[in-house]
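A.B. asks: Handing you this structure, nothing more for now.
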Amino acid sequence: MPDRFAAGSGLLEPGLGVLALVDHHVHPALAAETGAAEFEQLITESDRPLPAGLTQFDSQLGVAIRRWCAPVLDLEPFAAPADYLARRSALGAAEVTRRLLRATGTAHFLLDTGYVRPGLLDLPGMREAAGARADEIVRLESVAEQAVRDGDGSAGGFAGRFAAALARQAASAVGLKSIVGYRFGLDFDPEPPAAAEVTAAAGGWLRQIEATGRVRVEDPVLLRHLLWTGLGLGLPLQLHTGFGDPDADLRRCDPLLLRGFLRRTEPAGVPVMLLHCYPYHRGAGYLAQAFPHVYLDVGLAINYAGARAAAVVAESLELAPFGKLLFSSDAWGPPELHYLGARLWRRATARVLGEWVADGDWSQADALRVAEMVGAGNARRVYGL
């Protein structure tokens, strides 16, 4: 019996291979040198070391790096980890980053600049290394924390300082981002807090900072205030949902917990972008179908699913209207993640849609049209690019 999956993939891979992508949620690439141990720590969402004798290369992502990234660095597919890391070191971090970013075929990166470490590229650096456009997505929590550092220490002035700082930083941005799912959970009170509540919560936060020296906004009242202030700017609002590092409680990152907030925000019409979503992507698809202002992606999961990425892509296409799905890599750090986010998405999408074409359920024209919508067109429309 002919392999419809493989045959269908071949129908679409040429078209998807030349599609200029818009990566609507991505982080800066790392252009600094890394040793073997650090590189392995950067290709997992865990913040814990592996037990002795194990390697992060023994994972779907690790195999995908050896299979797909190795040839970009002039190695044979499935190069041994030691050979891969040696070649990486010989080329130098700047060249590795340039090669892998340019091999993504991405025309436009929308960059979340709120999570940084030394050695990451800034916006101009990403543009130069990738040979592509790059615009900023502003993280609400980072702006609030900087506003506190720069402020006069008064709780009553926090709301005004945050609003002014956000307006300044968002003036040249294309969207906003919140990690309320990390800092509290998605089961927050959907109503905007009253001014007195915000002032009281800001006072508590300032006292906590004075006692601990740690500037990290976690109070649910303040997190809600950041969301509602951000919504007032009218820019698309990205929300982390689903899979991430152990700092998040995955049980409280189910996007279905946002139903009350989505109902409350629907009249404003501001696009709400549900990021990542895995393993809750089917529920996110329902939300995207139910609410006109809701969109989703399955970024991050694509890299970590590796050879199983087609299953995630297929499930994301079950309920969500095709105009509500966007491509993202959610890559952060090693440029291998930026490259694989694009490479594995193209391959998975060609396989899934190609199978439907081979089975006679879809036309090839429809498959290519939908792939372009998800890969670029929907992002250009929603973000006004």
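Just so we're on the same page: first chain in the structure tokens is A, next is B, and so on; residues restart at 1 for each chain, and ligands are numbered from 1 in the order they show up.
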Among stretch 22-253 of chain A, which residues carry a DSSP assignment of helix (DSSP H, G or I), reported as a ChimeraX atom specification?
C.D. replies: /A:36-41,60-72,81-91,93-103,123-130,140-150,158-170,180-183,195-212,220-231,250-252
A.B. asks: Excluding A:Ala132 and any residue of its chain fewer than 5 positions from it, enumerate the residues within 10 Å of it, using only C-alpha atoms, and give them as a list in words.
C.D. replies: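 The neighbour list is Val22, Leu101, Arg102, Gly105, Thr106, Ala107, His108, Phe109, Met126 and Arg127 of chain A.
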A.B. asks: Residues as selected, N, CA and C atoms, written as a tab-separated table (two decimals), in the first residue's frame, can you do that?
C.D. replies:
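Saved as result-v1.tsv:
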```tsv
chain	number	residue	atom	x	y	z
A	22	VAL	N	6.52	34.51	9.21
A	22	VAL	CA	6.48	35.52	10.27
A	22	VAL	C	6.42	34.76	11.59
A	101	LEU	N	19.99	31.23	11.80
A	101	LEU	CA	18.90	32.20	11.68
A	101	LEU	C	18.52	32.41	10.22
A	102	ARG	N	19.49	32.53	9.36
A	102	ARG	CA	19.18	32.77	7.94
A	102	ARG	C	18.57	31.55	7.28
A	105	GLY	N	14.43	30.84	6.95
A	105	GLY	CA	13.51	31.37	5.94
A	105	GLY	C	12.48	32.29	6.53
A	106	THR	N	12.80	32.92	7.66
A	106	THR	CA	11.88	33.83	8.33
A	106	THR	C	12.10	35.25	7.84
A	107	ALA	N	11.03	35.90	7.44
A	107	ALA	CA	11.12	37.28	6.96
A	107	ALA	C	10.95	38.29	8.07
A	108	HIS	N	10.29	37.89	9.16
A	108	HIS	CA	9.93	38.86	10.20
A	108	HIS	C	9.84	38.15	11.54
A	109	PHE	N	10.62	38.61	12.50
A	109	PHE	CA	10.57	38.09	13.87
A	109	PHE	C	9.87	39.11	14.76
A	126	MET	N	19.53	41.01	16.02
A	126	MET	CA	18.72	39.98	15.36
A	126	MET	C	18.49	40.31	13.90
A	127	ARG	N	18.23	41.57	13.62
A	127	ARG	CA	18.01	41.96	12.22
A	127	ARG	C	19.24	41.68	11.37
```
A.B. asks: With a distance cut-off of 9 Å and only C-alpha atoms, select the neighbouring residues of stretch 242-250 of chain A, excluding the residue or stretch itself and same-chain residues fewer than 5 positions from it, and output the selection as a list in words.
C.D. replies: Thr44, Glu45, Ser46, Asp47, Gly181, Tyr182, Arg183, Phe184, Gly185, Pro255, Leu275, His276, Cys277, Tyr278, Pro279, Tyr280, His281, Leu300 and Ala301 of chain A
A.B. asks: Pull N, CA and C atoms from the residues just selected and write them as an mmCIF file, in the first residue's frame.
C.D. replies:
```cif
data_model
loop_
_atom_site.group_PDB
_atom_site.id
_atom_site.type_symbol
_atom_site.label_atom_id
_atom_site.label_comp_id
_atom_site.auth_asym_id
_atom_site.auth_seq_id
_atom_site.Cartn_x
_atom_site.Cartn_y
_atom_site.Cartn_z
ATOM 1 N N THR A 44 16.722 22.305 26.954
ATOM 2 C CA THR A 44 15.665 21.688 27.751
ATOM 3 C C THR A 44 14.904 22.796 28.466
ATOM 4 N N GLU A 45 13.643 22.559 28.762
ATOM 5 C CA GLU A 45 12.878 23.508 29.563
ATOM 6 C C GLU A 45 13.116 23.307 31.058
ATOM 7 N N SER A 46 13.786 22.243 31.432
ATOM 8 C CA SER A 46 14.073 22.014 32.839
ATOM 9 C C SER A 46 15.177 22.941 33.320
ATOM 10 N N ASP A 47 15.098 23.341 34.577
ATOM 11 C CA ASP A 47 16.171 24.132 35.181
ATOM 12 C C ASP A 47 16.988 23.286 36.156
ATOM 13 N N GLY A 181 0.471 33.574 33.665
ATOM 14 C CA GLY A 181 0.393 32.136 33.878
ATOM 15 C C GLY A 181 1.545 31.610 34.705
ATOM 16 N N TYR A 182 2.712 32.210 34.538
ATOM 17 C CA TYR A 182 3.879 31.844 35.346
ATOM 18 C C TYR A 182 3.780 32.426 36.756
ATOM 19 N N ARG A 183 3.447 33.704 36.832
ATOM 20 C CA ARG A 183 3.555 34.422 38.098
ATOM 21 C C ARG A 183 2.417 34.102 39.062
ATOM 22 N N PHE A 184 1.274 33.687 38.531
ATOM 23 C CA PHE A 184 0.126 33.344 39.390
ATOM 24 C C PHE A 184 -0.592 32.110 38.877
ATOM 25 N N GLY A 185 -1.034 32.151 37.653
ATOM 26 C CA GLY A 185 -1.855 31.106 37.049
ATOM 27 C C GLY A 185 -2.919 31.785 36.204
ATOM 28 N N PRO A 255 -5.409 27.088 29.033
ATOM 29 C CA PRO A 255 -6.099 28.283 28.525
ATOM 30 C C PRO A 255 -7.601 28.284 28.762
ATOM 31 N N LEU A 275 -0.415 31.606 23.547
ATOM 32 C CA LEU A 275 0.877 31.082 23.114
ATOM 33 C C LEU A 275 1.077 29.646 23.558
ATOM 34 N N HIS A 276 1.695 28.858 22.710
ATOM 35 C CA HIS A 276 2.190 27.507 23.015
ATOM 36 C C HIS A 276 1.054 26.496 23.196
ATOM 37 N N CYS A 277 0.310 26.649 24.292
ATOM 38 C CA CYS A 277 -0.934 25.909 24.530
ATOM 39 C C CYS A 277 -0.760 24.427 24.862
ATOM 40 N N TYR A 278 0.236 23.756 24.294
ATOM 41 C CA TYR A 278 0.446 22.330 24.527
ATOM 42 C C TYR A 278 0.615 22.042 26.010
ATOM 43 N N PRO A 279 -0.010 20.997 26.575
ATOM 44 C CA PRO A 279 -0.831 19.964 25.934
ATOM 45 C C PRO A 279 -2.324 20.316 25.860
ATOM 46 N N TYR A 280 -2.629 21.595 26.022
ATOM 47 C CA TYR A 280 -4.024 22.048 26.053
ATOM 48 C C TYR A 280 -4.439 22.698 24.727
ATOM 49 N N HIS A 281 -3.756 22.353 23.641
ATOM 50 C CA HIS A 281 -3.986 23.051 22.384
ATOM 51 C C HIS A 281 -5.357 22.770 21.787
ATOM 52 N N LEU A 300 6.945 26.287 20.616
ATOM 53 C CA LEU A 300 7.649 25.611 21.695
ATOM 54 C C LEU A 300 7.442 24.102 21.628
ATOM 55 N N ALA A 301 6.177 23.662 21.574
ATOM 56 C CA ALA A 301 5.914 22.221 21.509
ATOM 57 C C ALA A 301 6.498 21.601 20.252
#
```
A.B. asks: In Å, how far is it from atom CA of A:Leu19 to atom CA of A:Gln364?
C.D. replies: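 Separation of atom CA of A:Leu19 and atom CA of A:Gln364: 15.2 Å.
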A.B. asks: With only C-alpha atoms as the counted atoms, please give the residues lying no more than 9 Å from stretch 95-99 of chain A, apart from itself and same-chain residues fewer than 6 positions off, as a list in words.
C.D. replies: Ala29, Leu30, Ala31, Val72, Leu73, Arg88, Ser89, Glu128, Ala129, Ala130, Gly131, Pro334, Pro335 and Glu336 of chain A
A.B. asks: Could you check how far atom CA of A:Pro124 sits from atom CA of A:Gln238, in Å to one decimal?
C.D. replies: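 About the pair atom CA of A:Pro124 and atom CA of A:Gln238: they are 22.4 Å apart.
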